[in-house]
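The structure under discussion appears below in the form of structure tokens.
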Amino acid sequence: MRADAASITRLSEFALQVRDVSRVFSTHRGEQVTALGASSANVKAGEFIALVGPSGCGKTTLLKIIGGLLPPSAGSVTYKGEPVTGPVDDLGIVFQQPILLDWRTVQSNITLQLSLRHLLDPAEQAERARALLASVGLAGFEDRYPWELSGGQQQRVSLCRALVHRPGLLLMDEPFGALDAMTREQLQADLEELWIAARPIVVFVTHDVGEAVSLADRVLVFSGKPGRIVEDIRIDVPRPRAASLLENPKLQNYAKQVRALLGPGNVPPKAVASSSTTSNTVRVQS
């Protein structure tokens with residue numbers, strides 16, 4: 001059946017398409033466990049998407065499938081018009097832990113991918129790393145080693161490493177979940193500023209409802225196990241807004257809407273606590 005012109009136009013608007021994707025795992029006993037129920041989403045180039053839902057509902061599973069790090073059991077993912085059948089080349093990833101190499105300096109951790117893939121000459125690699133470090137408040141830390149940095153500083157380095165090759169797709173799996181409230185706020189502001197400048201697609205997994213509505217263009221809400229996307233909420237609030245949850249009634253209402261969908265038993269303590277933390281953004285070396 002041929003698609004009409006309007007359908008083709010609508011499809012071409014989306015750089016990332018997730019179509020009825022699900023994932024089933026086999027246990028060592030031979031049992032079949034559905035980690036992710038059939039889920040679909042269309043994402044435009046440059047959009048920031050947050051995935052929110054109960055623990056174990058399949059958010060990280062979907063993140064890995066989008067990046068081509070895990071095959072779906074059913075359904076398909078298309079990125080820039082091409083089916084995702086393996087790791088996406090145009091990809092940056094930030095995990096909950098920084099996962100830096102202790103024997104490499106901060107700068108050489110950031111430029112590792114550029115070196116391995118022979119992208120840019122060494123001088124250009126160093127220049128790009130220094131610019132990213134300056135943008136997250138770590139100018140002058142190029143020759144430090146990871147073990148000389150705090151947890152927040154290490155995660156800033158991890159963010160720079162993910163962005164140094166200027167990916168079109170950035171996947172973030174609870175990247176600020178292990179940080180204290182003040183450091184988390186600053187990193188949220190850093191991320192928003194970097195994203196506004198470069199505009200990759202961001203797919204951001206979080207348990208913090210306030211973080212989701214403060215950062216994302218859209219929040220995709222998951223059901224409980226087996227999880228699937230049940231709501232797509234567009235956050236219609238001007239930017240920048242990473243640290244403005246307490247001052248912005250519209251953001252507060254969006255947060256209430258997401259929490260209502262999750263239900264009282266499915267709102268993580270961190271998500272509730274985040275609404276009571278200070279919203280003053282202060283540059284600190286944490």
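Letters A, B, ... go to the chains of the structure tokens in the order shown; residues in each chain start at 1; ligands are counted from 1 in the same order.
Surrounding stretch 164-167 of chain A within 8 Å are A:Asp90, A:Leu91, A:Gly92, A:Ile110, A:Thr111, A:Gln113, A:Leu114, A:Arg128, A:Ala129, A:Leu132, A:Ala198, A:Pro200, with only C-alpha atoms counted and residues fewer than 6 positions along the same chain left out.
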Could you turn the residues from that selection into a file that holds N, CA and C atoms, as a tab-separated table (two decimals), in the first residue's frame?
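The new file part-v1.tsv reads:
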```tsv
chain	number	residue	atom	x	y	z
A	90	ASP	N	26.80	7.64	15.10
A	90	ASP	CA	26.62	9.05	15.46
A	90	ASP	C	26.04	9.16	16.87
A	91	LEU	N	26.76	8.60	17.86
A	91	LEU	CA	26.18	8.38	19.19
A	91	LEU	C	27.12	8.82	20.30
A	92	GLY	N	26.55	9.48	21.33
A	92	GLY	CA	27.26	9.75	22.57
A	92	GLY	C	26.46	9.14	23.71
A	110	ILE	N	38.77	12.48	27.39
A	110	ILE	CA	37.78	13.11	26.51
A	110	ILE	C	38.10	12.85	25.04
A	111	THR	N	39.38	12.88	24.68
A	111	THR	CA	39.75	12.75	23.27
A	111	THR	C	39.99	11.31	22.84
A	113	GLN	N	38.05	8.76	22.06
A	113	GLN	CA	37.28	8.32	20.89
A	113	GLN	C	37.79	8.99	19.61
A	114	LEU	N	38.10	10.28	19.71
A	114	LEU	CA	38.63	10.98	18.53
A	114	LEU	C	39.93	10.33	18.05
A	128	ARG	N	39.25	21.15	21.12
A	128	ARG	CA	37.85	20.84	21.35
A	128	ARG	C	37.62	20.39	22.79
A	129	ALA	N	38.53	19.59	23.34
A	129	ALA	CA	38.41	19.13	24.73
A	129	ALA	C	38.48	20.30	25.69
A	132	LEU	N	35.21	22.32	25.71
A	132	LEU	CA	34.14	21.65	26.44
A	132	LEU	C	34.36	21.74	27.95
A	198	ALA	N	24.36	22.84	20.70
A	198	ALA	CA	24.66	21.82	19.68
A	198	ALA	C	23.41	21.14	19.11
A	200	PRO	N	21.77	18.14	19.68
A	200	PRO	CA	21.59	16.72	19.34
A	200	PRO	C	20.22	16.27	19.83
```
Expected answer as a count of residues only: strand (DSSP E) residues in stretch 22-248 of chain A
56
At a cut-off of 9 Å, using only C-alpha atoms, what residues contact stretch 259-262 of chain A? Leave out same-chain residues fewer than 4 positions from it and give the result as a PyMOL selection string.
chain A and resi 52-54+209+221-224+230-231+254-255+266-267+271
Write the residues of the selection above to a file with N, CA and C atoms, as a PDB file, in the first residue's frame.
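File written: selection_29.pdb
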```pdb
ATOM      1  N   VAL A  52      10.501   8.449  31.834  1.00  0.00           N
ATOM      2  CA  VAL A  52      10.218   8.369  33.263  1.00  0.00           C
ATOM      3  C   VAL A  52       9.280   7.198  33.512  1.00  0.00           C
ATOM      4  N   GLY A  53       9.542   6.446  34.575  1.00  0.00           N
ATOM      5  CA  GLY A  53       8.654   5.340  34.917  1.00  0.00           C
ATOM      6  C   GLY A  53       9.181   4.578  36.111  1.00  0.00           C
ATOM      7  N   PRO A  54       8.404   3.608  36.603  1.00  0.00           N
ATOM      8  CA  PRO A  54       8.825   2.817  37.766  1.00  0.00           C
ATOM      9  C   PRO A  54      10.117   2.054  37.484  1.00  0.00           C
ATOM     10  N   VAL A 209      11.238  13.219  38.616  1.00  0.00           N
ATOM     11  CA  VAL A 209      10.197  13.867  37.813  1.00  0.00           C
ATOM     12  C   VAL A 209      10.525  15.339  37.594  1.00  0.00           C
ATOM     13  N   VAL A 221       6.108   8.837  29.552  1.00  0.00           N
ATOM     14  CA  VAL A 221       5.807   8.174  30.819  1.00  0.00           C
ATOM     15  C   VAL A 221       5.540   6.700  30.560  1.00  0.00           C
ATOM     16  N   PHE A 222       6.200   5.837  31.350  1.00  0.00           N
ATOM     17  CA  PHE A 222       6.068   4.395  31.214  1.00  0.00           C
ATOM     18  C   PHE A 222       5.105   3.837  32.257  1.00  0.00           C
ATOM     19  N   SER A 223       4.443   2.754  31.893  1.00  0.00           N
ATOM     20  CA  SER A 223       3.640   1.995  32.848  1.00  0.00           C
ATOM     21  C   SER A 223       4.557   1.088  33.671  1.00  0.00           C
ATOM     22  N   GLY A 224       3.981   0.383  34.630  1.00  0.00           N
ATOM     23  CA  GLY A 224       4.733  -0.613  35.388  1.00  0.00           C
ATOM     24  C   GLY A 224       5.022  -1.833  34.535  1.00  0.00           C
ATOM     25  N   VAL A 230       3.002   5.037  27.894  1.00  0.00           N
ATOM     26  CA  VAL A 230       1.555   5.233  28.000  1.00  0.00           C
ATOM     27  C   VAL A 230       1.141   6.687  27.824  1.00  0.00           C
ATOM     28  N   GLU A 231       2.110   7.626  27.897  1.00  0.00           N
ATOM     29  CA  GLU A 231       1.770   9.039  27.744  1.00  0.00           C
ATOM     30  C   GLU A 231       2.979   9.804  27.222  1.00  0.00           C
ATOM     31  N   TYR A 254       3.198  20.463  35.308  1.00  0.00           N
ATOM     32  CA  TYR A 254       3.640  19.322  34.512  1.00  0.00           C
ATOM     33  C   TYR A 254       4.153  18.199  35.416  1.00  0.00           C
ATOM     34  N   ALA A 255       4.898  18.566  36.459  1.00  0.00           N
ATOM     35  CA  ALA A 255       5.411  17.558  37.383  1.00  0.00           C
ATOM     36  C   ALA A 255       4.270  16.820  38.072  1.00  0.00           C
ATOM     37  N   ASN A 266       4.616   4.640  42.589  1.00  0.00           N
ATOM     38  CA  ASN A 266       5.624   4.570  41.550  1.00  0.00           C
ATOM     39  C   ASN A 266       6.429   5.844  41.395  1.00  0.00           C
ATOM     40  N   VAL A 267       6.285   6.799  42.321  1.00  0.00           N
ATOM     41  CA  VAL A 267       7.093   8.020  42.287  1.00  0.00           C
ATOM     42  C   VAL A 267       8.277   7.813  43.205  1.00  0.00           C
ATOM     43  N   ALA A 271      12.506  11.758  43.239  1.00  0.00           N
ATOM     44  CA  ALA A 271      11.675  12.654  42.437  1.00  0.00           C
ATOM     45  C   ALA A 271      10.862  13.576  43.314  1.00  0.00           C
TER      46      ALA A 271
END
```
Which of stretch 5-242 of chain A end up as helix (DSSP H, G or I) when DSSP is run on this backbone - answer as a ChimeraX atom specification?
/A:5-12,59-66,106-110,112-116,122-135,146-148,151-163,181-198,209-215
Quick one: everything within 9 Å of A:Gln252, counting only C-alpha atoms, minus sequence neighbours fewer than 5 positions away in the same chain. Send it as a PyMOL selection string.
chain A and resi 210+213+245-247+257+275
Generate a file of the selected residues that holds C-alpha atoms, formatted as an mmCIF file, in the first residue's frame.
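Contents of the output file selection_28.cif:
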```
data_model
loop_
_atom_site.group_PDB
_atom_site.id
_atom_site.type_symbol
_atom_site.label_atom_id
_atom_site.label_comp_id
_atom_site.auth_asym_id
_atom_site.auth_seq_id
_atom_site.Cartn_x
_atom_site.Cartn_y
_atom_site.Cartn_z
ATOM 1 C CA GLY A 210 11.367 17.432 38.483
ATOM 2 C CA VAL A 213 10.065 18.316 33.248
ATOM 3 C CA LEU A 245 11.079 24.254 38.910
ATOM 4 C CA LEU A 246 10.184 26.018 42.165
ATOM 5 C CA GLU A 247 9.607 29.404 40.514
ATOM 6 C CA GLN A 257 0.678 15.522 35.848
ATOM 7 C CA SER A 275 10.953 19.608 44.416
#
```
Atom-to-atom span, atom CA of A:Ala45 and atom CA of A:Asp236, Å:
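Atom CA of A:Ala45 sits 17.4 Å away from atom CA of A:Asp236.
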Distance table requested - stretch 158-214 of chain A against stretch 11-32 of chain A, cut-off 10 Å, only C-alpha atoms: one row per qualifying residue with the closest atom pair and its distance in Å to one decimal, ordered by chain and rising residue number, as a tab-separated table.
```
residue	atom	partner	partner_atom	distance
A:Gly168	CA	A:Ala15	CA	9.5
A:Leu169	CA	A:Leu16	CA	9.1
A:Ile201	CA	A:Leu16	CA	8.4
```
Residues from last step as file, N, CA and C atoms, as a PDB file, in the first residue's frame:
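Here's the written file result_10.pdb:
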```pdb
ATOM      1  N   GLY A 168      24.901  13.314  16.843  1.00  0.00           N
ATOM      2  CA  GLY A 168      23.524  13.722  16.588  1.00  0.00           C
ATOM      3  C   GLY A 168      22.554  13.106  17.563  1.00  0.00           C
ATOM      4  N   LEU A 169      22.994  12.059  18.280  1.00  0.00           N
ATOM      5  CA  LEU A 169      22.149  11.339  19.222  1.00  0.00           C
ATOM      6  C   LEU A 169      22.916  11.153  20.521  1.00  0.00           C
ATOM      7  N   ILE A 201      19.745  15.142  19.336  1.00  0.00           N
ATOM      8  CA  ILE A 201      18.626  14.470  19.995  1.00  0.00           C
ATOM      9  C   ILE A 201      19.150  13.939  21.320  1.00  0.00           C
TER      10      ILE A 201
END
```
Nearest-residue call for A:Asp217, choices A:Ser244, A:Ala50, A:Lys80, A:Val33, using only C-alpha atoms:
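Checking each candidate against A:Asp217, we get A:Ala50 as the closest.
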Rounded to one decimal in Å, what is the spacing between atom CA of A:Leu159 and atom CA of A:Leu187?
9.3 Å
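Separating atom CA of A:Asp143 from atom CA of A:Phe176 is a distance of 24.1 Å.
Residues surrounding A:Arg241 within 9 Å are A:Ala189, A:Glu192, A:Ser214, A:Leu215, A:Asn248 [only C-alpha atoms; sequence separation below 6 positions excluded].
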Please produce an output containing N, CA and C atoms for each residue in the selection, written as a compact mmCIF listing (two decimals), in the first residue's frame.
```txt
# COMPACT_ATOMS: atom_id res chain seq x y z
N ALA A 189 21.97 22.45 34.49
CA ALA A 189 22.12 23.72 33.78
C ALA A 189 23.21 23.63 32.71
N GLU A 192 21.79 21.63 29.76
CA GLU A 192 20.84 22.40 28.95
C GLU A 192 21.58 23.41 28.07
N SER A 214 11.96 19.72 33.92
CA SER A 214 12.81 20.90 33.82
C SER A 214 13.70 20.87 32.59
N LEU A 215 14.13 19.67 32.17
CA LEU A 215 15.09 19.56 31.08
C LEU A 215 14.46 19.26 29.72
N ASN A 248 8.41 28.26 38.72
CA ASN A 248 7.57 28.23 37.53
C ASN A 248 6.33 27.35 37.76
```
Which residue, A:Ala123, A:Leu163, A:Leu101, A:Val106, has the smallest gap to A:Arg144 when you use only C-alpha atoms?
A:Val106
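Minimum atom-to-atom distance to A:Val43, evaluated using only C-alpha atoms, belongs to A:Val203 out of A:Val203, A:Val94, A:Ala212, A:Ile233.
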Please report, as a tab-separated table, each residue of stretch 175-278 of chain A lying at most 12 Å from stretch 61-68 of chain A, together with the nearest pair of atoms and the separation in Å rounded to one decimal; use only C-alpha atoms, and order rows by chain and ascending residue number.
```
residue	atom	partner	partner_atom	distance
A:Ile201	CA	A:Ile66	CA	11.4
A:Val202	CA	A:Leu63	CA	10.5
A:Val203	CA	A:Leu63	CA	7.2
A:Phe204	CA	A:Leu63	CA	8.3
A:Val205	CA	A:Leu63	CA	7.8
A:Thr206	CA	A:Leu63	CA	11.4
A:Leu220	CA	A:Leu62	CA	11.6
A:Phe222	CA	A:Leu62	CA	10.9
A:Pro226	CA	A:Thr61	CA	11.5
A:Gly227	CA	A:Leu62	CA	10.0
A:Arg228	CA	A:Leu62	CA	9.5
A:Ile229	CA	A:Leu62	CA	10.2
```
Can you write just those residues out, N, CA and C atoms, as a short mmCIF file (atom, residue, chain, number, x, y, z; two decimals), in the first residue's frame?
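That gives us part-v7.cif:
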```
data_model
loop_
_atom_site.label_atom_id
_atom_site.label_comp_id
_atom_site.auth_asym_id
_atom_site.auth_seq_id
_atom_site.Cartn_x
_atom_site.Cartn_y
_atom_site.Cartn_z
N ILE A 201 19.74 15.14 19.34
CA ILE A 201 18.63 14.47 19.99
C ILE A 201 19.15 13.94 21.32
N VAL A 202 18.44 14.21 22.41
CA VAL A 202 18.80 13.65 23.72
C VAL A 202 17.67 12.74 24.17
N VAL A 203 18.03 11.52 24.56
CA VAL A 203 17.10 10.60 25.21
C VAL A 203 17.64 10.36 26.61
N PHE A 204 16.88 10.81 27.61
CA PHE A 204 17.38 10.98 28.98
C PHE A 204 16.52 10.14 29.93
N VAL A 205 17.11 9.11 30.52
CA VAL A 205 16.41 8.28 31.50
C VAL A 205 16.60 8.87 32.89
N THR A 206 15.51 9.05 33.62
CA THR A 206 15.61 9.58 34.98
C THR A 206 14.46 9.06 35.83
N LEU A 220 8.18 11.11 28.19
CA LEU A 220 7.49 9.87 27.86
C LEU A 220 7.34 9.07 29.15
N PHE A 222 6.20 5.84 31.35
CA PHE A 222 6.07 4.39 31.21
C PHE A 222 5.10 3.84 32.26
N PRO A 226 5.06 -5.32 32.61
CA PRO A 226 6.11 -4.95 31.64
C PRO A 226 5.86 -3.56 31.09
N GLY A 227 6.85 -2.73 31.18
CA GLY A 227 6.66 -1.32 30.87
C GLY A 227 6.43 -1.05 29.40
N ARG A 228 5.66 -0.02 29.15
CA ARG A 228 5.47 0.50 27.80
C ARG A 228 5.14 1.98 27.92
N ILE A 229 5.34 2.73 26.87
CA ILE A 229 5.03 4.16 26.88
C ILE A 229 3.52 4.34 26.87
#
```
